[in-house]
file my_file.cif (mmCIF, N, CA and C atoms)
data_target
#
loop_
_atom_site.label_atom_id
_atom_site.label_comp_id
_atom_site.auth_asym_id
_atom_site.auth_seq_id
_atom_site.Cartn_x
_atom_site.Cartn_y
_atom_site.Cartn_z
N MET A 171 -43.42 33.49 112.74
CA MET A 171 -42.95 33.97 114.01
C MET A 171 -42.11 32.87 114.65
N SER A 172 -41.00 33.25 115.22
CA SER A 172 -40.18 32.29 115.93
C SER A 172 -40.09 32.69 117.40
N ILE A 173 -39.95 31.70 118.22
CA ILE A 173 -39.87 31.90 119.66
C ILE A 173 -38.47 31.53 120.10
N GLY A 174 -37.91 32.36 120.95
CA GLY A 174 -36.55 32.12 121.42
C GLY A 174 -36.47 31.98 122.92
N LEU A 175 -35.27 31.80 123.37
CA LEU A 175 -34.99 31.65 124.79
C LEU A 175 -35.50 32.85 125.58
N ASP A 176 -35.39 34.05 125.00
CA ASP A 176 -35.84 35.25 125.71
C ASP A 176 -37.35 35.24 125.98
N HIS A 177 -38.13 34.65 125.10
CA HIS A 177 -39.58 34.55 125.31
C HIS A 177 -39.88 33.62 126.49
N LEU A 178 -39.21 32.49 126.51
CA LEU A 178 -39.41 31.53 127.59
C LEU A 178 -38.95 32.10 128.93
N GLU A 179 -37.80 32.77 128.91
CA GLU A 179 -37.28 33.36 130.15
C GLU A 179 -38.20 34.47 130.67
N ALA A 180 -38.80 35.24 129.78
CA ALA A 180 -39.74 36.29 130.21
C ALA A 180 -40.93 35.67 130.92
N PHE A 181 -41.48 34.61 130.35
CA PHE A 181 -42.61 33.93 130.96
C PHE A 181 -42.23 33.32 132.30
N ILE A 182 -41.13 32.60 132.35
CA ILE A 182 -40.70 31.94 133.58
C ILE A 182 -40.44 32.97 134.68
N THR A 183 -39.74 34.03 134.33
CA THR A 183 -39.41 35.05 135.32
C THR A 183 -40.65 35.78 135.81
N ALA A 184 -41.60 36.05 134.92
CA ALA A 184 -42.86 36.68 135.35
C ALA A 184 -43.61 35.76 136.30
N ALA A 185 -43.60 34.47 136.02
CA ALA A 185 -44.27 33.51 136.90
C ALA A 185 -43.58 33.46 138.26
N GLN A 186 -42.26 33.52 138.27
CA GLN A 186 -41.51 33.45 139.52
C GLN A 186 -41.60 34.74 140.33
N GLU A 187 -41.50 35.87 139.65
CA GLU A 187 -41.47 37.16 140.32
C GLU A 187 -42.86 37.66 140.71
N GLY A 188 -43.88 37.22 140.01
CA GLY A 188 -45.23 37.62 140.33
C GLY A 188 -45.80 38.75 139.49
N THR A 189 -44.92 39.58 138.92
CA THR A 189 -45.40 40.66 138.05
C THR A 189 -44.44 40.81 136.88
N GLN A 190 -44.96 41.36 135.80
CA GLN A 190 -44.11 41.61 134.64
C GLN A 190 -43.11 42.72 134.92
N ARG A 191 -43.49 43.68 135.77
CA ARG A 191 -42.57 44.76 136.13
C ARG A 191 -41.36 44.19 136.87
N GLU A 192 -41.61 43.32 137.85
CA GLU A 192 -40.51 42.71 138.59
C GLU A 192 -39.69 41.78 137.69
N ALA A 193 -40.36 41.11 136.76
CA ALA A 193 -39.63 40.25 135.81
C ALA A 193 -38.71 41.10 134.95
N ALA A 194 -39.20 42.26 134.51
CA ALA A 194 -38.38 43.15 133.70
C ALA A 194 -37.14 43.60 134.46
N GLU A 195 -37.32 43.95 135.73
CA GLU A 195 -36.17 44.35 136.55
C GLU A 195 -35.17 43.20 136.67
N ALA A 196 -35.67 41.99 136.91
CA ALA A 196 -34.79 40.83 137.06
C ALA A 196 -34.05 40.51 135.76
N LEU A 197 -34.71 40.74 134.62
CA LEU A 197 -34.12 40.43 133.31
C LEU A 197 -33.30 41.59 132.74
N GLY A 198 -33.42 42.76 133.35
CA GLY A 198 -32.68 43.92 132.85
C GLY A 198 -33.27 44.50 131.58
N CYS A 199 -34.58 44.45 131.47
CA CYS A 199 -35.24 45.03 130.30
C CYS A 199 -36.47 45.80 130.78
N THR A 200 -37.29 46.25 129.85
CA THR A 200 -38.47 47.02 130.22
C THR A 200 -39.69 46.11 130.38
N GLN A 201 -40.69 46.61 131.10
CA GLN A 201 -41.93 45.86 131.27
C GLN A 201 -42.63 45.63 129.94
N PRO A 202 -42.68 46.64 129.03
CA PRO A 202 -43.29 46.36 127.73
C PRO A 202 -42.59 45.25 126.95
N THR A 203 -41.27 45.14 127.10
CA THR A 203 -40.53 44.08 126.42
C THR A 203 -40.96 42.72 126.95
N VAL A 204 -41.06 42.60 128.27
CA VAL A 204 -41.52 41.33 128.87
C VAL A 204 -42.93 41.02 128.40
N SER A 205 -43.79 42.01 128.42
CA SER A 205 -45.17 41.82 127.98
C SER A 205 -45.25 41.35 126.54
N LYS A 206 -44.49 41.99 125.65
CA LYS A 206 -44.50 41.61 124.24
C LYS A 206 -43.99 40.19 124.04
N ARG A 207 -42.97 39.82 124.78
CA ARG A 207 -42.43 38.46 124.66
C ARG A 207 -43.44 37.42 125.11
N ILE A 208 -44.15 37.71 126.21
CA ILE A 208 -45.14 36.76 126.70
C ILE A 208 -46.32 36.68 125.74
N ILE A 209 -46.76 37.82 125.23
CA ILE A 209 -47.86 37.83 124.26
C ILE A 209 -47.48 37.04 123.01
N ALA A 210 -46.24 37.20 122.54
CA ALA A 210 -45.79 36.45 121.36
C ALA A 210 -45.75 34.96 121.65
N LEU A 211 -45.30 34.59 122.84
CA LEU A 211 -45.26 33.17 123.23
C LEU A 211 -46.68 32.61 123.29
N GLU A 212 -47.60 33.37 123.86
CA GLU A 212 -48.99 32.93 123.93
C GLU A 212 -49.58 32.75 122.53
N ALA A 213 -49.28 33.69 121.64
CA ALA A 213 -49.79 33.60 120.27
C ALA A 213 -49.21 32.36 119.58
N TRP A 214 -47.93 32.11 119.78
CA TRP A 214 -47.28 30.96 119.16
C TRP A 214 -47.87 29.64 119.67
N LEU A 215 -48.14 29.60 120.98
CA LEU A 215 -48.72 28.39 121.58
C LEU A 215 -50.22 28.27 121.31
N GLY A 216 -50.86 29.40 121.06
CA GLY A 216 -52.31 29.40 120.89
C GLY A 216 -53.04 29.25 122.21
N LYS A 217 -52.41 29.69 123.30
CA LYS A 217 -52.99 29.56 124.64
C LYS A 217 -52.61 30.78 125.47
N PHE A 218 -53.53 31.19 126.34
CA PHE A 218 -53.20 32.23 127.32
C PHE A 218 -52.43 31.57 128.46
N LEU A 219 -51.31 32.16 128.83
CA LEU A 219 -50.51 31.64 129.92
C LEU A 219 -50.74 32.42 131.21
N LEU A 220 -51.11 33.69 131.06
CA LEU A 220 -51.39 34.55 132.20
C LEU A 220 -52.82 35.09 132.07
N THR A 221 -53.45 35.34 133.23
CA THR A 221 -54.79 35.91 133.20
C THR A 221 -54.71 37.34 132.69
N LEU A 222 -55.82 37.82 132.18
CA LEU A 222 -55.88 39.19 131.69
C LEU A 222 -56.13 40.17 132.81
N ASP A 223 -56.60 39.68 133.94
CA ASP A 223 -56.89 40.54 135.09
C ASP A 223 -55.62 40.98 135.79
N ALA A 224 -55.73 42.06 136.55
CA ALA A 224 -54.62 42.48 137.40
C ALA A 224 -54.97 42.09 138.83
N PRO A 225 -54.10 41.50 139.60
CA PRO A 225 -52.76 41.08 139.20
C PRO A 225 -52.82 39.82 138.34
N LYS A 226 -51.85 39.71 137.47
CA LYS A 226 -51.81 38.58 136.55
C LYS A 226 -51.41 37.32 137.31
N GLU A 227 -52.10 36.24 136.98
CA GLU A 227 -51.79 34.93 137.55
C GLU A 227 -51.69 33.93 136.41
N LEU A 228 -51.08 32.80 136.70
CA LEU A 228 -50.98 31.76 135.69
C LEU A 228 -52.35 31.16 135.43
N THR A 229 -52.68 30.98 134.16
CA THR A 229 -53.87 30.24 133.79
C THR A 229 -53.57 28.75 133.98
N GLU A 230 -54.56 27.91 133.78
CA GLU A 230 -54.31 26.47 133.84
C GLU A 230 -53.27 26.07 132.80
N SER A 231 -53.38 26.65 131.60
CA SER A 231 -52.38 26.37 130.55
C SER A 231 -51.01 26.85 130.98
N GLY A 232 -50.96 28.00 131.65
CA GLY A 232 -49.68 28.53 132.14
C GLY A 232 -49.06 27.63 133.19
N LYS A 233 -49.90 27.09 134.08
CA LYS A 233 -49.42 26.17 135.10
C LYS A 233 -48.87 24.89 134.47
N GLU A 234 -49.52 24.43 133.42
CA GLU A 234 -49.07 23.22 132.73
C GLU A 234 -47.79 23.48 131.93
N PHE A 235 -47.69 24.67 131.33
CA PHE A 235 -46.56 24.96 130.47
C PHE A 235 -45.31 25.39 131.24
N LEU A 236 -45.45 25.94 132.44
CA LEU A 236 -44.30 26.44 133.19
C LEU A 236 -43.20 25.38 133.35
N PRO A 237 -43.49 24.16 133.82
CA PRO A 237 -42.40 23.19 133.95
C PRO A 237 -41.79 22.79 132.60
N VAL A 238 -42.58 22.82 131.55
CA VAL A 238 -42.07 22.52 130.21
C VAL A 238 -41.09 23.62 129.80
N ALA A 239 -41.48 24.87 129.98
CA ALA A 239 -40.62 26.00 129.63
C ALA A 239 -39.32 25.95 130.44
N GLU A 240 -39.44 25.65 131.72
CA GLU A 240 -38.24 25.55 132.57
C GLU A 240 -37.30 24.45 132.08
N GLN A 241 -37.87 23.33 131.69
CA GLN A 241 -37.05 22.22 131.20
C GLN A 241 -36.37 22.58 129.88
N ILE A 242 -37.09 23.24 128.99
CA ILE A 242 -36.50 23.66 127.70
C ILE A 242 -35.33 24.60 127.94
N VAL A 243 -35.52 25.59 128.80
CA VAL A 243 -34.46 26.56 129.09
C VAL A 243 -33.25 25.85 129.70
N THR A 244 -33.50 24.96 130.64
CA THR A 244 -32.40 24.21 131.27
C THR A 244 -31.63 23.40 130.24
N LEU A 245 -32.34 22.70 129.37
CA LEU A 245 -31.68 21.88 128.35
C LEU A 245 -30.88 22.73 127.36
N LEU A 246 -31.44 23.86 126.96
CA LEU A 246 -30.72 24.74 126.03
C LEU A 246 -29.45 25.30 126.67
N LYS A 247 -29.54 25.69 127.93
CA LYS A 247 -28.36 26.23 128.62
C LYS A 247 -27.31 25.15 128.82
N GLN A 248 -27.75 23.93 129.11
CA GLN A 248 -26.80 22.81 129.25
C GLN A 248 -26.11 22.53 127.93
N ALA A 249 -26.88 22.52 126.85
CA ALA A 249 -26.31 22.23 125.53
C ALA A 249 -25.29 23.29 125.14
N ARG A 250 -25.59 24.51 125.48
CA ARG A 250 -24.68 25.61 125.12
C ARG A 250 -23.40 25.57 125.94
N SER A 251 -23.49 25.08 127.18
CA SER A 251 -22.32 25.09 128.06
C SER A 251 -21.44 23.84 127.91
N GLN A 252 -21.95 22.80 127.27
CA GLN A 252 -21.17 21.58 127.11
C GLN A 252 -20.13 21.75 126.01
N PRO A 253 -18.88 21.39 126.31
CA PRO A 253 -17.87 21.48 125.26
C PRO A 253 -18.15 20.44 124.17
N SER A 254 -17.90 20.83 122.96
CA SER A 254 -18.14 19.93 121.83
C SER A 254 -16.82 19.32 121.40
N SER A 255 -16.82 18.00 121.21
CA SER A 255 -15.61 17.31 120.76
C SER A 255 -15.51 17.33 119.24
N ALA A 256 -16.62 17.58 118.60
CA ALA A 256 -16.63 17.61 117.14
C ALA A 256 -16.58 19.06 116.65
N SER A 257 -16.00 19.24 115.50
CA SER A 257 -15.98 20.59 114.93
C SER A 257 -17.36 20.88 114.33
N PRO A 258 -17.72 22.16 114.29
CA PRO A 258 -19.04 22.50 113.74
C PRO A 258 -19.14 22.13 112.27
N PRO A 259 -20.34 21.86 111.79
CA PRO A 259 -20.50 21.52 110.38
C PRO A 259 -20.13 22.71 109.51
N PRO A 260 -19.64 22.43 108.31
CA PRO A 260 -19.28 23.54 107.43
C PRO A 260 -20.51 24.34 107.02
N ARG A 261 -20.33 25.62 106.88
CA ARG A 261 -21.44 26.48 106.46
C ARG A 261 -21.63 26.35 104.96
N THR A 262 -22.88 26.38 104.54
CA THR A 262 -23.18 26.34 103.11
C THR A 262 -24.05 27.52 102.78
N SER A 263 -24.02 27.90 101.55
CA SER A 263 -24.89 28.98 101.09
C SER A 263 -25.75 28.42 99.97
N ALA A 264 -26.72 29.21 99.57
CA ALA A 264 -27.64 28.78 98.52
C ALA A 264 -26.89 28.45 97.22
N ARG A 265 -25.82 29.17 96.96
CA ARG A 265 -25.10 28.92 95.69
C ARG A 265 -24.31 27.62 95.74
N ASP A 266 -24.09 27.05 96.96
CA ASP A 266 -23.38 25.78 97.07
C ASP A 266 -24.28 24.59 96.84
N ILE A 267 -25.58 24.79 96.85
CA ILE A 267 -26.54 23.70 96.72
C ILE A 267 -26.87 23.50 95.23
N GLN A 268 -26.72 22.25 94.80
CA GLN A 268 -27.04 21.93 93.41
C GLN A 268 -28.23 21.01 93.37
N VAL A 269 -29.13 21.27 92.46
CA VAL A 269 -30.34 20.44 92.32
C VAL A 269 -30.28 19.66 91.04
#

call {"tool": "encode", "arguments": {"input": "my_file.cif", "output": "structure tokens"}}
result
Amino acid sequence: MSIGLDHLEAFITAAQEGTQREAAEALGCTQPTVSKRIIALEAWLGKFLLTLDAPKELTESGKEFLPVAEQIVTLLKQARSQPSSASPPPRTSARDIQV
């Protein structure tokens, strides 16, 4: 399983908005999509980030991870927006690799 920017953004937005429904509206997707992304992120981390009760609140792990997630998203967005002075590395395929 791989985790992407969309998983982190779903968690951050749910934490900021207060509910997964409001996070879905803010992200332009459905509530089940936000829920699935957060569940996948929790599974990948091996920690619950939100309580299971309604209304959902950040767990202690969620409170600890929120600033980390925000920093990761910020760094990824900065990296993507910075112009590169170097050309991208050439693409290789499996047939180009010799052992």

call {"tool": "atom_distance", "arguments": {"input": "my_file.cif", "atom1": "atom N of Thr203 of chain A", "atom2": "atom C of Gly216 of chain A"}}
result
20.4 Å

call {"tool": "resolve_selection", "arguments": {"input": "my_file.cif", "expression": "the PyMOL selection byres (((chain A and resi 194 and name CA) around 12) and name CA)", "output": "VMD selection string"}}
result
chain A and resid 176 179 to 193 195 to 208

call {"tool": "atom_distance", "arguments": {"input": "my_file.cif", "atom1": "atom CA of Ile173 of chain A", "atom2": "atom CA of Trp214 of chain A"}}
result
7.5 Å

call {"tool": "select_by_dssp", "arguments": {"input": "my_file.cif", "residues": "chain A", "states": "helix (DSSP H, G or I)", "output": "ChimeraX atom specification"}}
result
/A:175-187,190-197,201-215,230-251,264-266

call {"tool": "resolve_selection", "arguments": {"input": "my_file.cif", "expression": "the PyMOL selection byres (((chain A and resi 240-248 and name CA) around 8) and name CA)", "output": "ChimeraX atom specification"}}
result
/A:175,178-179,182,236-239,249-252

call {"tool": "write_last_selection", "arguments": {"input": "my_file.cif", "atoms": "N, CA and C atoms", "output": "PDB file, keeping the file's coordinate frame"}}
result
ATOM      1  N   LEU A 175     -35.270  31.800 123.370  1.00  0.00           N
ATOM      2  CA  LEU A 175     -34.990  31.650 124.790  1.00  0.00           C
ATOM      3  C   LEU A 175     -35.500  32.850 125.580  1.00  0.00           C
ATOM      4  N   LEU A 178     -39.210  32.490 126.510  1.00  0.00           N
ATOM      5  CA  LEU A 178     -39.410  31.530 127.590  1.00  0.00           C
ATOM      6  C   LEU A 178     -38.950  32.100 128.930  1.00  0.00           C
ATOM      7  N   GLU A 179     -37.800  32.770 128.910  1.00  0.00           N
ATOM      8  CA  GLU A 179     -37.280  33.360 130.150  1.00  0.00           C
ATOM      9  C   GLU A 179     -38.200  34.470 130.670  1.00  0.00           C
ATOM     10  N   ILE A 182     -41.130  32.600 132.350  1.00  0.00           N
ATOM     11  CA  ILE A 182     -40.700  31.940 133.580  1.00  0.00           C
ATOM     12  C   ILE A 182     -40.440  32.970 134.680  1.00  0.00           C
ATOM     13  N   LEU A 236     -45.450  25.940 132.440  1.00  0.00           N
ATOM     14  CA  LEU A 236     -44.300  26.440 133.190  1.00  0.00           C
ATOM     15  C   LEU A 236     -43.200  25.380 133.350  1.00  0.00           C
ATOM     16  N   PRO A 237     -43.490  24.160 133.820  1.00  0.00           N
ATOM     17  CA  PRO A 237     -42.400  23.190 133.950  1.00  0.00           C
ATOM     18  C   PRO A 237     -41.790  22.790 132.600  1.00  0.00           C
ATOM     19  N   VAL A 238     -42.580  22.820 131.550  1.00  0.00           N
ATOM     20  CA  VAL A 238     -42.070  22.520 130.210  1.00  0.00           C
ATOM     21  C   VAL A 238     -41.090  23.620 129.800  1.00  0.00           C
ATOM     22  N   ALA A 239     -41.480  24.870 129.980  1.00  0.00           N
ATOM     23  CA  ALA A 239     -40.620  26.000 129.630  1.00  0.00           C
ATOM     24  C   ALA A 239     -39.320  25.950 130.440  1.00  0.00           C
ATOM     25  N   ALA A 249     -26.880  22.520 126.850  1.00  0.00           N
ATOM     26  CA  ALA A 249     -26.310  22.230 125.530  1.00  0.00           C
ATOM     27  C   ALA A 249     -25.290  23.290 125.140  1.00  0.00           C
ATOM     28  N   ARG A 250     -25.590  24.510 125.480  1.00  0.00           N
ATOM     29  CA  ARG A 250     -24.680  25.610 125.120  1.00  0.00           C
ATOM     30  C   ARG A 250     -23.400  25.570 125.940  1.00  0.00           C
ATOM     31  N   SER A 251     -23.490  25.080 127.180  1.00  0.00           N
ATOM     32  CA  SER A 251     -22.320  25.090 128.060  1.00  0.00           C
ATOM     33  C   SER A 251     -21.440  23.840 127.910  1.00  0.00           C
ATOM     34  N   GLN A 252     -21.950  22.800 127.270  1.00  0.00           N
ATOM     35  CA  GLN A 252     -21.170  21.580 127.110  1.00  0.00           C
ATOM     36  C   GLN A 252     -20.130  21.750 126.010  1.00  0.00           C
TER      37      GLN A 252
END

call {"tool": "atom_distance", "arguments": {"input": "my_file.cif", "atom1": "atom CA of Leu219 of chain A", "atom2": "atom CA of Met171 of chain A"}}
result
17.8 Å

call {"tool": "axis_aligned_box", "arguments": {"input": "my_file.cif", "around": "segment 244-253 of chain A", "padding_each_side": "6 Å", "output": "lines of an AutoDock Vina configuration file"}}
result
center_x = -25.7
center_y = 23.3
center_z = 127.7
size_x = 27.6
size_y = 17.8
size_z = 19.1

call {"tool": "residues_around", "arguments": {"input": "my_file.cif", "residues": "Lys217 of chain A", "least_positions_apart": "6", "cutoff": "9 Å", "atoms": "only C-alpha atoms", "output": "ChimeraX atom specification"}}
result
/A:211,231-232
